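The block underneath contains the structure these notes are about, expressed in structure tokens.
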Amino acid sequence: MHIIHTITELRSWRQQAKRVALVPTMGNLHEGHLSLVRTARAHADAVVVSIFVNRIQFGAGEDFDQYPRTLEQDVKKLAAAGVDVVFAPVESELYPNGIQNYFVEPPVIQNELCGRSRPGHFRGVATVVTKLFNIVQPDVACFGKKDYQQLVVIKGMVQDLNMNVEIIPVGIERAKTGLALSSRNSYLTDTERAQAAQLSEQLQVMAKAIAQGNRDFAVLENSAATYLQQHGWQVDYIEVRQAQMLTKAQNSDTNLVIVAAAILGTTRLIDNIEVHLSN
Ligand code: PAF
């Protein structure tokens, strides 16, 4: 496995590689990332995993400085997973002198759901992913469904900007309790980690009700939010949306996703569950 830190070296490796899959990450890898790697391997001859904690997708007061940087352990996991290249650029490679002048600006979706409390986040994601695509020139790239809104933004960007890369969505990996795996779970205390399963439990309750024919989305959203608030969560949003583009769900929609973000202690967690109904 090659560990590459510079764009020049990555480009020269790319010249001799055939079909390449990219898994973009910010490191601190867990089983969710390894599942992305397994999917990537099934779609290409060579797998590149990028590890870069991308400053421009973090807002003021967010956890950029605190974000766990665990390159040594990550490299071991990726070597064991049969990855070909770890691309771990230093910040000055992607943002010389700390400056990025040109940005990829997603449409209104960037201001909704997570975008409401994280202004600029999806613009930062879309911009760095574009840069990574330009550097690695992957044939396919794998993104986790855990970050559902991110996946929708990236798919839209690739389509709208005619990028020559196939986006492959990969399902959520969960702990036995139901808690969606996330690097940010490492911020949770043991007690919080046990309690954190309440978020996915509430999504399950809503999904079951919708599958049974309940179309009172607002009532379902309110009752899940109230339950979580009563158990000490600060709820950012819990909403039923249309699965494809994350537009507001209509009663007649059959492909839905319930998306949620809520804060437990000081940790902001996100989760979602898709509900596909047969008409
Ligand atoms: O999902 C992530 O870890 C990040 O948002 C990504 C896609 C690697 C861009 O920095």
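Here's how to read the names in the structure tokens: chain A, B, ... by the order shown, residue numbers from 1 in each chain, ligand numbers from 1 in the order shown.
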
Near-range 220-234 of chain A list (8 Å; only C-alpha atoms; drop same-chain fewer than 5 positions) as a PyMOL selection string | chain A and resi 198-199+202-203+206+239-240+262-265

Generate the output file for the selected residues, C-alpha atoms, as a JSON list (two decimals), in the first residue's frame.
```json
[["chain", "number", "residue", "atom", "x", "y", "z"],
["A", 198, "GLN", "CA", -32.76, 6.48, 21.10],
["A", 199, "LEU", "CA", -32.22, 8.44, 17.90],
["A", 202, "GLN", "CA", -37.31, 7.00, 17.06],
["A", 203, "LEU", "CA", -36.56, 6.80, 13.34],
["A", 206, "MET", "CA", -41.66, 6.66, 12.54],
["A", 239, "GLU", "CA", -38.17, 15.37, 9.09],
["A", 240, "VAL", "CA", -39.76, 13.09, 6.57],
["A", 262, "ALA", "CA", -29.86, 15.95, 17.43],
["A", 263, "ILE", "CA", -27.40, 16.84, 20.14],
["A", 264, "LEU", "CA", -26.72, 14.57, 23.10],
["A", 265, "GLY", "CA", -24.54, 16.23, 25.75]]
```

Select the residues contacting ligand 1 at a distance of at most 8 Å, based on only C-alpha atoms and all ligand atoms, then format the selection as a list in words.
->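 Those residues are Val23, Pro24, Thr25, Met26, Gly27, Ser50, Ile51, Phe52, Val53, Asn54, Gln57, Gly124, Val125, Ala126, Val128, Val129, Phe143, Gly144, Asp147 and Gln150 of chain A.
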
In terms of the shortest atom-to-atom distance over only C-alpha atoms, which of A:Gln242, A:Ser117, A:Gln15, A:Ser182 is closest to Pro138 in chain A?
->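 Using only C-alpha atoms, the shortest distance to Pro138 in chain A belongs to A:Gln15.
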
Contacts of Val136 in chain A at 9 Å or less, counting only C-alpha atoms, minus same-chain residues fewer than 6 places along, as a list of chain:residue names?
-> A:Ile7, A:Leu10, A:Arg11, A:Arg14, A:Val20, A:Leu22, A:Val48

Find the spatial neighbours of range 245-258 of chain A, counting only C-alpha atoms, within a cut-off of 6 Å - ignore same-chain residues fewer than 4 positions away - and output them as a list of chain:residue names.
->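 Contacts, with the query itself left out: A:Arg215, A:Glu239, A:Val240, A:Arg241, A:Asn272, A:Ile273, A:Glu274, A:Val275, A:His276, A:Leu277.
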
Residues of the last selection are to be written out with N, CA and C atoms, as a PDB file, in the first residue's frame.
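Result file follows (out29.pdb):
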```
ATOM      1  N   ARG A 215     -49.833   8.894   7.346  1.00  0.00           N
ATOM      2  CA  ARG A 215     -49.295   9.954   6.482  1.00  0.00           C
ATOM      3  C   ARG A 215     -49.250  11.293   7.220  1.00  0.00           C
ATOM      4  N   GLU A 239     -37.221  15.086  10.172  1.00  0.00           N
ATOM      5  CA  GLU A 239     -38.167  15.373   9.085  1.00  0.00           C
ATOM      6  C   GLU A 239     -38.294  14.206   8.133  1.00  0.00           C
ATOM      7  N   VAL A 240     -39.519  14.047   7.650  1.00  0.00           N
ATOM      8  CA  VAL A 240     -39.764  13.091   6.575  1.00  0.00           C
ATOM      9  C   VAL A 240     -39.576  13.849   5.262  1.00  0.00           C
ATOM     10  N   ARG A 241     -38.725  13.345   4.406  1.00  0.00           N
ATOM     11  CA  ARG A 241     -38.464  14.017   3.124  1.00  0.00           C
ATOM     12  C   ARG A 241     -38.566  13.003   1.988  1.00  0.00           C
ATOM     13  N   ASN A 272     -30.515   8.546   9.668  1.00  0.00           N
ATOM     14  CA  ASN A 272     -31.664   8.563   8.760  1.00  0.00           C
ATOM     15  C   ASN A 272     -32.101   7.149   8.484  1.00  0.00           C
ATOM     16  N   ILE A 273     -33.318   7.021   7.985  1.00  0.00           N
ATOM     17  CA  ILE A 273     -33.821   5.710   7.572  1.00  0.00           C
ATOM     18  C   ILE A 273     -34.694   5.915   6.336  1.00  0.00           C
ATOM     19  N   GLU A 274     -34.470   5.089   5.349  1.00  0.00           N
ATOM     20  CA  GLU A 274     -35.273   5.196   4.130  1.00  0.00           C
ATOM     21  C   GLU A 274     -36.539   4.361   4.294  1.00  0.00           C
ATOM     22  N   VAL A 275     -37.625   4.847   3.715  1.00  0.00           N
ATOM     23  CA  VAL A 275     -38.883   4.087   3.712  1.00  0.00           C
ATOM     24  C   VAL A 275     -39.369   4.040   2.272  1.00  0.00           C
ATOM     25  N   HIS A 276     -39.333   2.875   1.680  1.00  0.00           N
ATOM     26  CA  HIS A 276     -39.792   2.715   0.293  1.00  0.00           C
ATOM     27  C   HIS A 276     -41.088   1.915   0.319  1.00  0.00           C
ATOM     28  N   LEU A 277     -42.168   2.553  -0.127  1.00  0.00           N
ATOM     29  CA  LEU A 277     -43.485   1.916  -0.063  1.00  0.00           C
ATOM     30  C   LEU A 277     -43.872   1.439  -1.440  1.00  0.00           C
TER      31      LEU A 277
END
```

Give me every alpha helix (DSSP H) residue in range 20-255 of chain A, going by DSSP on the backbone, as a PyMOL selection string.
-> chain A and resi 31-43+71-80+91-94+114-117+121-136+148-160+190-195+197-211+217-230

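Note that CA of Thr127 in chain A and CA of Val85 in chain A are 21.8 Å apart.
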
Enter the distance from CA of Ala197 in chain A to CA of Gly178 in chain A, in Å, rounded to one decimal.
-> 5.6 Å

Polymer residues at most 12 Å from range 32-46 of chain A, only C-alpha atoms, same-chain spacing of 6 or more positions, as a compact mmCIF listing (two decimals) with all heavy atoms, in the first residue's frame:
```txt
# COMPACT_ATOMS: atom_id res chain seq x y z
N MET A 1 0.85 -1.20 0.00
CA MET A 1 0.00 0.00 0.00
C MET A 1 0.89 1.26 0.00
O MET A 1 1.82 1.35 0.78
CB MET A 1 -0.89 -0.01 1.26
CG MET A 1 -1.91 1.09 1.28
SD MET A 1 -3.03 0.98 2.71
CE MET A 1 -2.00 1.63 4.01
N HIS A 2 0.57 2.19 -0.90
CA HIS A 2 1.33 3.44 -0.95
C HIS A 2 0.67 4.47 -0.03
O HIS A 2 -0.55 4.60 -0.02
CB HIS A 2 1.31 4.03 -2.36
CG HIS A 2 1.80 3.09 -3.42
ND1 HIS A 2 3.14 2.96 -3.73
CD2 HIS A 2 1.14 2.25 -4.24
CE1 HIS A 2 3.27 2.06 -4.69
NE2 HIS A 2 2.07 1.61 -5.01
N TRP A 13 1.20 8.28 -9.72
CA TRP A 13 0.66 6.93 -9.47
C TRP A 13 -0.56 6.68 -10.37
O TRP A 13 -0.71 5.61 -10.96
CB TRP A 13 0.27 6.77 -8.00
CG TRP A 13 -0.47 5.49 -7.76
CD1 TRP A 13 0.07 4.25 -7.55
CD2 TRP A 13 -1.90 5.30 -7.80
NE1 TRP A 13 -0.93 3.31 -7.43
CE2 TRP A 13 -2.14 3.92 -7.59
CE3 TRP A 13 -2.99 6.16 -7.98
CZ2 TRP A 13 -3.44 3.40 -7.55
CZ3 TRP A 13 -4.27 5.64 -7.95
CH2 TRP A 13 -4.48 4.26 -7.73
N ARG A 14 -1.41 7.72 -10.48
CA ARG A 14 -2.68 7.57 -11.22
C ARG A 14 -2.44 7.20 -12.69
O ARG A 14 -3.24 6.48 -13.30
CB ARG A 14 -3.49 8.87 -11.13
CG ARG A 14 -4.83 8.85 -11.88
CD ARG A 14 -5.78 7.88 -11.24
NE ARG A 14 -7.06 7.73 -11.90
CZ ARG A 14 -7.38 6.76 -12.74
NH1 ARG A 14 -6.45 5.86 -13.11
NH2 ARG A 14 -8.61 6.65 -13.23
N GLN A 16 -0.50 5.14 -14.06
CA GLN A 16 -0.36 3.72 -14.37
C GLN A 16 -1.53 2.89 -13.83
O GLN A 16 -1.60 1.69 -14.06
CB GLN A 16 1.00 3.17 -13.89
CG GLN A 16 1.34 3.43 -12.42
CD GLN A 16 0.56 2.56 -11.46
OE1 GLN A 16 0.47 1.36 -11.66
NE2 GLN A 16 0.00 3.16 -10.42
N ALA A 17 -2.47 3.54 -13.12
CA ALA A 17 -3.60 2.78 -12.57
C ALA A 17 -4.72 2.72 -13.59
O ALA A 17 -4.90 3.64 -14.38
CB ALA A 17 -4.09 3.45 -11.29
N LYS A 18 -5.47 1.60 -13.57
CA LYS A 18 -6.58 1.48 -14.53
C LYS A 18 -7.85 2.07 -13.92
O LYS A 18 -7.99 3.26 -13.79
CB LYS A 18 -6.76 0.01 -14.92
CG LYS A 18 -5.63 -0.49 -15.81
CD LYS A 18 -6.01 -1.84 -16.41
CE LYS A 18 -4.78 -2.72 -16.44
NZ LYS A 18 -5.05 -4.10 -16.08
N ARG A 19 -8.78 1.16 -13.53
CA ARG A 19 -10.06 1.65 -13.00
C ARG A 19 -9.91 1.91 -11.49
O ARG A 19 -9.61 0.99 -10.72
CB ARG A 19 -11.13 0.59 -13.27
CG ARG A 19 -12.52 1.06 -13.07
CD ARG A 19 -13.52 0.00 -13.51
NE ARG A 19 -14.77 0.18 -12.84
CZ ARG A 19 -15.67 1.11 -13.15
NH1 ARG A 19 -15.44 1.91 -14.16
NH2 ARG A 19 -16.79 1.22 -12.47
N VAL A 20 -10.14 3.16 -11.12
CA VAL A 20 -9.85 3.57 -9.74
C VAL A 20 -11.14 3.95 -9.01
O VAL A 20 -12.00 4.64 -9.55
CB VAL A 20 -8.87 4.77 -9.74
CG1 VAL A 20 -8.74 5.39 -8.35
CG2 VAL A 20 -7.50 4.33 -10.25
N ALA A 21 -11.24 3.47 -7.76
CA ALA A 21 -12.35 3.89 -6.89
C ALA A 21 -11.78 4.76 -5.77
O ALA A 21 -10.73 4.44 -5.21
CB ALA A 21 -13.04 2.67 -6.28
N LEU A 22 -12.48 5.84 -5.48
CA LEU A 22 -12.05 6.74 -4.40
C LEU A 22 -13.03 6.65 -3.23
O LEU A 22 -14.25 6.66 -3.44
CB LEU A 22 -12.00 8.19 -4.91
CG LEU A 22 -11.76 9.27 -3.85
CD1 LEU A 22 -10.37 9.15 -3.22
CD2 LEU A 22 -11.95 10.67 -4.45
N VAL A 23 -12.48 6.56 -2.03
CA VAL A 23 -13.30 6.67 -0.82
C VAL A 23 -12.78 7.90 -0.07
O VAL A 23 -11.73 7.83 0.58
CB VAL A 23 -13.18 5.41 0.07
CG1 VAL A 23 -14.02 5.58 1.33
CG2 VAL A 23 -13.59 4.16 -0.69
N PRO A 24 -13.51 9.02 -0.16
CA PRO A 24 -13.05 10.22 0.56
C PRO A 24 -13.44 10.13 2.04
O PRO A 24 -14.58 9.83 2.35
CB PRO A 24 -13.81 11.38 -0.11
CG PRO A 24 -14.58 10.78 -1.25
CD PRO A 24 -14.70 9.32 -0.98
N THR A 25 -12.48 10.39 2.93
CA THR A 25 -12.77 10.34 4.37
C THR A 25 -12.04 11.47 5.09
O THR A 25 -11.15 12.11 4.52
CB THR A 25 -12.31 9.01 5.04
OG1 THR A 25 -10.90 9.09 5.31
CG2 THR A 25 -12.59 7.79 4.18
N MET A 26 -12.42 11.66 6.34
CA MET A 26 -11.66 12.58 7.19
C MET A 26 -10.89 11.77 8.24
O MET A 26 -10.48 12.31 9.27
CB MET A 26 -12.59 13.58 7.85
CG MET A 26 -13.30 14.46 6.80
SD MET A 26 -13.83 16.05 7.40
CE MET A 26 -14.97 15.57 8.68
N ASP A 74 -5.33 4.44 11.26
CA ASP A 74 -6.11 4.39 10.02
C ASP A 74 -5.34 3.63 8.94
O ASP A 74 -5.90 2.79 8.22
CB ASP A 74 -6.43 5.81 9.51
CG ASP A 74 -7.40 6.56 10.43
OD1 ASP A 74 -8.04 5.90 11.27
OD2 ASP A 74 -7.52 7.78 10.29
N VAL A 75 -4.05 3.94 8.83
CA VAL A 75 -3.21 3.31 7.80
C VAL A 75 -3.17 1.80 8.01
O VAL A 75 -3.28 1.03 7.06
CB VAL A 75 -1.79 3.94 7.84
CG1 VAL A 75 -0.77 3.07 7.13
CG2 VAL A 75 -1.83 5.34 7.22
N LYS A 76 -3.07 1.37 9.27
CA LYS A 76 -3.05 -0.08 9.56
C LYS A 76 -4.34 -0.74 9.10
O LYS A 76 -4.34 -1.80 8.48
CB LYS A 76 -2.86 -0.32 11.06
CG LYS A 76 -1.43 -0.13 11.51
CD LYS A 76 -1.25 -0.61 12.95
CE LYS A 76 0.09 -0.09 13.46
NZ LYS A 76 0.07 0.36 14.84
N LYS A 77 -5.46 -0.09 9.42
CA LYS A 77 -6.77 -0.66 9.04
C LYS A 77 -6.89 -0.74 7.53
O LYS A 77 -7.41 -1.72 6.98
CB LYS A 77 -7.91 0.21 9.59
CG LYS A 77 -8.08 0.11 11.09
CD LYS A 77 -9.20 1.01 11.58
CE LYS A 77 -9.20 1.06 13.11
NZ LYS A 77 -10.04 2.09 13.67
N LEU A 78 -6.40 0.27 6.84
CA LEU A 78 -6.55 0.31 5.38
C LEU A 78 -5.63 -0.70 4.71
O LEU A 78 -6.00 -1.31 3.69
CB LEU A 78 -6.30 1.72 4.85
CG LEU A 78 -7.34 2.74 5.34
CD1 LEU A 78 -6.98 4.15 4.90
CD2 LEU A 78 -8.74 2.38 4.86
N ALA A 79 -4.44 -0.91 5.29
CA ALA A 79 -3.53 -1.92 4.75
C ALA A 79 -4.19 -3.29 4.88
O ALA A 79 -4.21 -4.09 3.93
CB ALA A 79 -2.20 -1.88 5.48
N ALA A 80 -4.78 -3.55 6.04
CA ALA A 80 -5.45 -4.83 6.26
C ALA A 80 -6.65 -5.01 5.33
O ALA A 80 -7.01 -6.13 4.97
CB ALA A 80 -5.88 -4.95 7.72
N ALA A 81 -7.26 -3.91 4.94
CA ALA A 81 -8.44 -3.98 4.07
C ALA A 81 -8.06 -4.06 2.59
O ALA A 81 -8.95 -4.08 1.73
CB ALA A 81 -9.32 -2.76 4.32
N GLY A 82 -6.77 -4.07 2.30
CA GLY A 82 -6.32 -4.26 0.92
C GLY A 82 -6.43 -3.01 0.05
O GLY A 82 -6.56 -3.09 -1.17
N VAL A 83 -6.34 -1.84 0.69
CA VAL A 83 -6.37 -0.58 -0.06
C VAL A 83 -5.05 -0.38 -0.80
O VAL A 83 -3.99 -0.79 -0.33
CB VAL A 83 -6.66 0.58 0.94
CG1 VAL A 83 -6.33 1.93 0.37
CG2 VAL A 83 -8.10 0.50 1.39
N ASP A 84 -5.11 0.24 -1.98
CA ASP A 84 -3.88 0.43 -2.76
C ASP A 84 -3.13 1.71 -2.39
O ASP A 84 -1.91 1.71 -2.31
CB ASP A 84 -4.24 0.48 -4.26
CG ASP A 84 -4.84 -0.84 -4.70
OD1 ASP A 84 -6.08 -1.02 -4.52
OD2 ASP A 84 -4.09 -1.71 -5.14
N VAL A 85 -3.92 2.78 -2.19
CA VAL A 85 -3.27 4.07 -1.89
C VAL A 85 -4.03 4.80 -0.78
O VAL A 85 -5.26 4.89 -0.82
CB VAL A 85 -3.26 4.98 -3.15
CG1 VAL A 85 -2.83 6.40 -2.81
CG2 VAL A 85 -2.37 4.41 -4.23
N VAL A 86 -3.27 5.30 0.19
CA VAL A 86 -3.83 6.26 1.14
C VAL A 86 -3.32 7.63 0.70
O VAL A 86 -2.11 7.83 0.61
CB VAL A 86 -3.38 5.97 2.59
CG1 VAL A 86 -3.92 7.04 3.53
CG2 VAL A 86 -3.83 4.60 3.03
N VAL A 136 -7.51 12.86 -8.04
CA VAL A 136 -7.46 11.38 -8.13
C VAL A 136 -8.03 10.88 -9.46
O VAL A 136 -7.64 9.82 -9.96
CB VAL A 136 -8.23 10.76 -6.93
CG1 VAL A 136 -8.24 9.24 -7.01
CG2 VAL A 136 -7.62 11.22 -5.60
N PRO A 138 -11.04 9.58 -10.16
CA PRO A 138 -11.57 8.23 -9.97
C PRO A 138 -12.65 7.92 -11.01
O PRO A 138 -13.31 8.83 -11.51
CB PRO A 138 -12.19 8.31 -8.58
CG PRO A 138 -12.61 9.73 -8.44
CD PRO A 138 -11.61 10.55 -9.20
N ASP A 139 -12.82 6.64 -11.30
CA ASP A 139 -13.95 6.21 -12.14
C ASP A 139 -15.21 6.15 -11.30
O ASP A 139 -16.30 6.42 -11.78
CB ASP A 139 -13.64 4.84 -12.74
CG ASP A 139 -12.42 4.91 -13.64
OD1 ASP A 139 -12.58 5.33 -14.78
OD2 ASP A 139 -11.31 4.59 -13.17
N VAL A 140 -15.06 5.71 -10.05
CA VAL A 140 -16.19 5.65 -9.13
C VAL A 140 -15.76 6.23 -7.78
O VAL A 140 -14.56 6.25 -7.46
CB VAL A 140 -16.71 4.20 -8.91
CG1 VAL A 140 -17.06 3.53 -10.22
CG2 VAL A 140 -15.72 3.36 -8.15
N ALA A 141 -16.74 6.70 -7.02
CA ALA A 141 -16.44 7.18 -5.66
C ALA A 141 -17.57 6.72 -4.74
O ALA A 141 -18.75 6.76 -5.12
CB ALA A 141 -16.32 8.69 -5.64
N CYS A 142 -17.20 6.24 -3.55
CA CYS A 142 -18.19 5.69 -2.62
C CYS A 142 -18.47 6.67 -1.49
O CYS A 142 -17.53 7.21 -0.88
CB CYS A 142 -17.67 4.38 -2.03
SG CYS A 142 -17.41 3.13 -3.29
N PHE A 143 -19.74 6.88 -1.21
CA PHE A 143 -20.16 7.77 -0.12
C PHE A 143 -21.19 7.04 0.74
O PHE A 143 -22.07 6.35 0.22
CB PHE A 143 -20.80 9.05 -0.68
CG PHE A 143 -19.79 9.98 -1.30
CD1 PHE A 143 -19.37 9.80 -2.61
CD2 PHE A 143 -19.23 11.01 -0.56
CE1 PHE A 143 -18.43 10.64 -3.18
CE2 PHE A 143 -18.28 11.86 -1.12
CZ PHE A 143 -17.89 11.67 -2.44
N GLY A 144 -21.09 7.22 2.05
CA GLY A 144 -22.00 6.54 2.96
C GLY A 144 -23.36 7.22 3.00
O GLY A 144 -23.47 8.45 2.92
N LYS A 145 -24.40 6.39 3.16
CA LYS A 145 -25.76 6.94 3.27
C LYS A 145 -25.98 7.58 4.64
O LYS A 145 -26.99 8.23 4.86
CB LYS A 145 -26.79 5.83 3.06
CG LYS A 145 -26.91 5.38 1.63
CD LYS A 145 -28.13 4.49 1.50
CE LYS A 145 -28.28 3.96 0.09
NZ LYS A 145 -29.52 3.17 -0.04
N LYS A 146 -25.08 7.36 5.57
CA LYS A 146 -25.23 8.00 6.88
C LYS A 146 -25.30 9.51 6.72
O LYS A 146 -26.10 10.20 7.33
CB LYS A 146 -24.05 7.60 7.74
CG LYS A 146 -24.22 7.72 9.05
CD LYS A 146 -24.14 8.17 10.31
CE LYS A 146 -23.85 9.44 10.86
NZ LYS A 146 -22.51 9.86 10.75
N ASP A 147 -24.42 10.03 5.85
CA ASP A 147 -24.46 11.46 5.53
C ASP A 147 -25.35 11.63 4.31
O ASP A 147 -24.89 11.91 3.21
CB ASP A 147 -23.05 11.97 5.26
CG ASP A 147 -22.16 11.85 6.49
OD1 ASP A 147 -22.48 12.49 7.50
OD2 ASP A 147 -21.19 11.08 6.45
N GLU A 166 -18.76 7.92 -11.26
CA GLU A 166 -20.01 7.30 -10.81
C GLU A 166 -20.04 7.30 -9.28
O GLU A 166 -19.08 6.85 -8.64
CB GLU A 166 -20.06 5.86 -11.33
CG GLU A 166 -21.34 5.13 -10.99
CD GLU A 166 -21.27 3.63 -11.30
OE1 GLU A 166 -20.32 3.21 -11.99
OE2 GLU A 166 -22.15 2.91 -10.83
N ILE A 167 -21.13 7.82 -8.73
CA ILE A 167 -21.25 7.87 -7.26
C ILE A 167 -21.98 6.63 -6.78
O ILE A 167 -23.10 6.34 -7.22
CB ILE A 167 -22.01 9.13 -6.81
CG1 ILE A 167 -21.31 10.39 -7.33
CG2 ILE A 167 -22.17 9.17 -5.29
CD1 ILE A 167 -19.86 10.54 -6.89
N ILE A 168 -21.33 5.91 -5.86
CA ILE A 168 -21.95 4.69 -5.33
C ILE A 168 -22.31 4.89 -3.86
O ILE A 168 -21.43 5.07 -3.01
CB ILE A 168 -20.99 3.50 -5.49
CG1 ILE A 168 -20.66 3.35 -6.97
CG2 ILE A 168 -21.58 2.22 -4.91
CD1 ILE A 168 -19.71 2.26 -7.30
N PRO A 169 -23.63 4.86 -3.56
CA PRO A 169 -24.06 5.02 -2.17
C PRO A 169 -23.88 3.71 -1.40
O PRO A 169 -24.14 2.64 -1.96
CB PRO A 169 -25.55 5.35 -2.28
CG PRO A 169 -25.86 5.44 -3.74
CD PRO A 169 -24.78 4.73 -4.47
N VAL A 170 -23.46 3.80 -0.17
CA VAL A 170 -23.24 2.59 0.64
C VAL A 170 -24.05 2.71 1.94
O VAL A 170 -24.06 3.78 2.58
CB VAL A 170 -21.73 2.43 0.96
CG1 VAL A 170 -21.48 1.18 1.80
CG2 VAL A 170 -20.93 2.36 -0.34
N GLY A 171 -24.73 1.61 2.29
CA GLY A 171 -25.64 1.59 3.45
C GLY A 171 -24.96 1.89 4.78
O GLY A 171 -23.74 1.77 4.92
N ILE A 172 -25.78 2.25 5.76
CA ILE A 172 -25.27 2.64 7.08
C ILE A 172 -24.83 1.42 7.89
O ILE A 172 -25.54 0.43 7.94
CB ILE A 172 -26.38 3.38 7.87
CG1 ILE A 172 -26.85 4.60 7.09
CG2 ILE A 172 -25.91 3.77 9.26
CD1 ILE A 172 -28.01 5.36 7.74
N GLU A 173 -23.67 1.50 8.52
CA GLU A 173 -23.24 0.47 9.48
C GLU A 173 -23.68 0.92 10.87
O GLU A 173 -23.53 2.10 11.21
CB GLU A 173 -21.71 0.32 9.46
CG GLU A 173 -21.15 -0.29 8.20
CD GLU A 173 -21.46 -1.79 8.07
OE1 GLU A 173 -21.35 -2.51 9.06
OE2 GLU A 173 -21.82 -2.20 6.95
N ARG A 174 -24.23 -0.03 11.62
CA ARG A 174 -24.75 0.32 12.95
C ARG A 174 -24.13 -0.55 14.04
O ARG A 174 -23.80 -1.71 13.78
CB ARG A 174 -26.28 0.14 12.98
CG ARG A 174 -26.99 1.09 12.05
CD ARG A 174 -28.51 0.94 12.14
NE ARG A 174 -29.15 1.87 11.22
CZ ARG A 174 -29.35 3.16 11.46
NH1 ARG A 174 -29.00 3.67 12.63
NH2 ARG A 174 -29.89 3.95 10.57
N ALA A 175 -24.03 0.01 15.24
CA ALA A 175 -23.66 -0.80 16.41
C ALA A 175 -24.85 -1.71 16.73
O ALA A 175 -25.96 -1.49 16.21
CB ALA A 175 -23.37 0.12 17.58
N LEU A 179 -27.24 2.32 17.02
CA LEU A 179 -26.53 3.59 16.82
C LEU A 179 -25.72 3.55 15.53
O LEU A 179 -24.92 2.64 15.31
CB LEU A 179 -25.60 3.85 18.02
CG LEU A 179 -24.64 5.04 17.91
CD1 LEU A 179 -25.40 6.36 17.85
CD2 LEU A 179 -23.65 5.05 19.08
N ALA A 180 -25.93 4.54 14.65
CA ALA A 180 -25.18 4.60 13.39
C ALA A 180 -23.71 4.89 13.70
O ALA A 180 -23.40 5.78 14.51
CB ALA A 180 -25.77 5.69 12.51
N LEU A 181 -22.80 4.15 13.06
CA LEU A 181 -21.38 4.37 13.32
C LEU A 181 -20.97 5.73 12.77
O LEU A 181 -21.37 6.13 11.68
CB LEU A 181 -20.53 3.27 12.69
CG LEU A 181 -20.76 1.85 13.20
CD1 LEU A 181 -19.65 0.92 12.72
CD2 LEU A 181 -20.85 1.79 14.73
N SER A 182 -20.17 6.43 13.55
CA SER A 182 -19.70 7.76 13.17
C SER A 182 -18.42 8.06 13.94
O SER A 182 -18.27 7.64 15.09
CB SER A 182 -20.76 8.80 13.55
OG SER A 182 -20.19 10.09 13.59
N SER A 183 -17.53 8.80 13.30
CA SER A 183 -16.29 9.20 14.01
C SER A 183 -16.64 10.02 15.23
O SER A 183 -15.93 9.99 16.24
CB SER A 183 -15.40 10.01 13.08
OG SER A 183 -15.07 9.23 11.96
```

Would you please extract all strand (DSSP E or B) residues from range 16-66 of chain A, as assigned by DSSP on the backbone, and give them as an MDAnalysis selection string?
-> chainID A and resid 20:25 46:51

Pro107 in chain A surroundings by only C-alpha atoms, 12 Å radius, close-in-sequence under 5 positions cut, as a list in words | Glu112, Gly115, Gly120, Phe122, Arg123, Ala126, Val152, Val153, Ile154, Gly156, Met157, Asp160 and Met245 of chain A

With N, CA, C and O atoms retained, could you export that selection as a compact mmCIF listing (two decimals), in the first residue's frame?
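Here's the written file result-v2.txt:
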```txt
# COMPACT_ATOMS: atom_id res chain seq x y z
N GLU A 112 -30.77 23.87 3.95
CA GLU A 112 -31.82 23.16 4.68
C GLU A 112 -31.21 22.08 5.57
O GLU A 112 -30.04 21.74 5.45
N GLY A 115 -27.76 22.00 6.81
CA GLY A 115 -27.25 23.28 6.33
C GLY A 115 -27.77 24.48 7.12
O GLY A 115 -27.14 25.52 7.16
N GLY A 120 -22.48 27.00 5.15
CA GLY A 120 -21.19 26.85 4.46
C GLY A 120 -20.66 25.43 4.46
O GLY A 120 -19.70 25.12 3.75
N PHE A 122 -21.90 22.49 3.30
CA PHE A 122 -21.98 21.69 2.06
C PHE A 122 -21.18 22.32 0.92
O PHE A 122 -20.70 21.63 0.04
N ARG A 123 -21.02 23.62 0.97
CA ARG A 123 -20.15 24.28 0.00
C ARG A 123 -18.69 23.82 0.24
O ARG A 123 -17.95 23.52 -0.69
N ALA A 126 -18.59 20.15 -1.04
CA ALA A 126 -18.63 20.07 -2.51
C ALA A 126 -17.30 20.55 -3.10
O ALA A 126 -16.80 19.97 -4.07
N VAL A 152 -26.74 13.38 -1.38
CA VAL A 152 -27.64 14.05 -2.35
C VAL A 152 -26.93 15.24 -3.00
O VAL A 152 -27.01 15.45 -4.22
N VAL A 153 -26.19 16.00 -2.20
CA VAL A 153 -25.45 17.16 -2.74
C VAL A 153 -24.39 16.69 -3.74
O VAL A 153 -24.27 17.24 -4.83
N ILE A 154 -23.65 15.65 -3.39
CA ILE A 154 -22.57 15.17 -4.28
C ILE A 154 -23.16 14.59 -5.57
O ILE A 154 -22.65 14.85 -6.67
N GLY A 156 -25.95 15.40 -7.00
CA GLY A 156 -26.44 16.54 -7.78
C GLY A 156 -25.30 17.28 -8.44
O GLY A 156 -25.37 17.68 -9.61
N MET A 157 -24.22 17.47 -7.70
CA MET A 157 -23.05 18.19 -8.22
C MET A 157 -22.44 17.45 -9.42
O MET A 157 -22.15 18.05 -10.46
N ASP A 160 -24.88 17.77 -12.38
CA ASP A 160 -25.03 19.13 -12.90
C ASP A 160 -23.74 19.65 -13.53
O ASP A 160 -23.78 20.43 -14.49
N MET A 245 -34.39 13.73 -3.77
CA MET A 245 -33.81 15.08 -3.77
C MET A 245 -33.93 15.78 -2.41
O MET A 245 -33.57 16.94 -2.28
```

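Distance annotation: of A:Glu72, A:Val219, A:Leu161, A:Lys155, the residue with the minimal separation from Val104 in chain A is A:Leu161; atom set is only C-alpha atoms.
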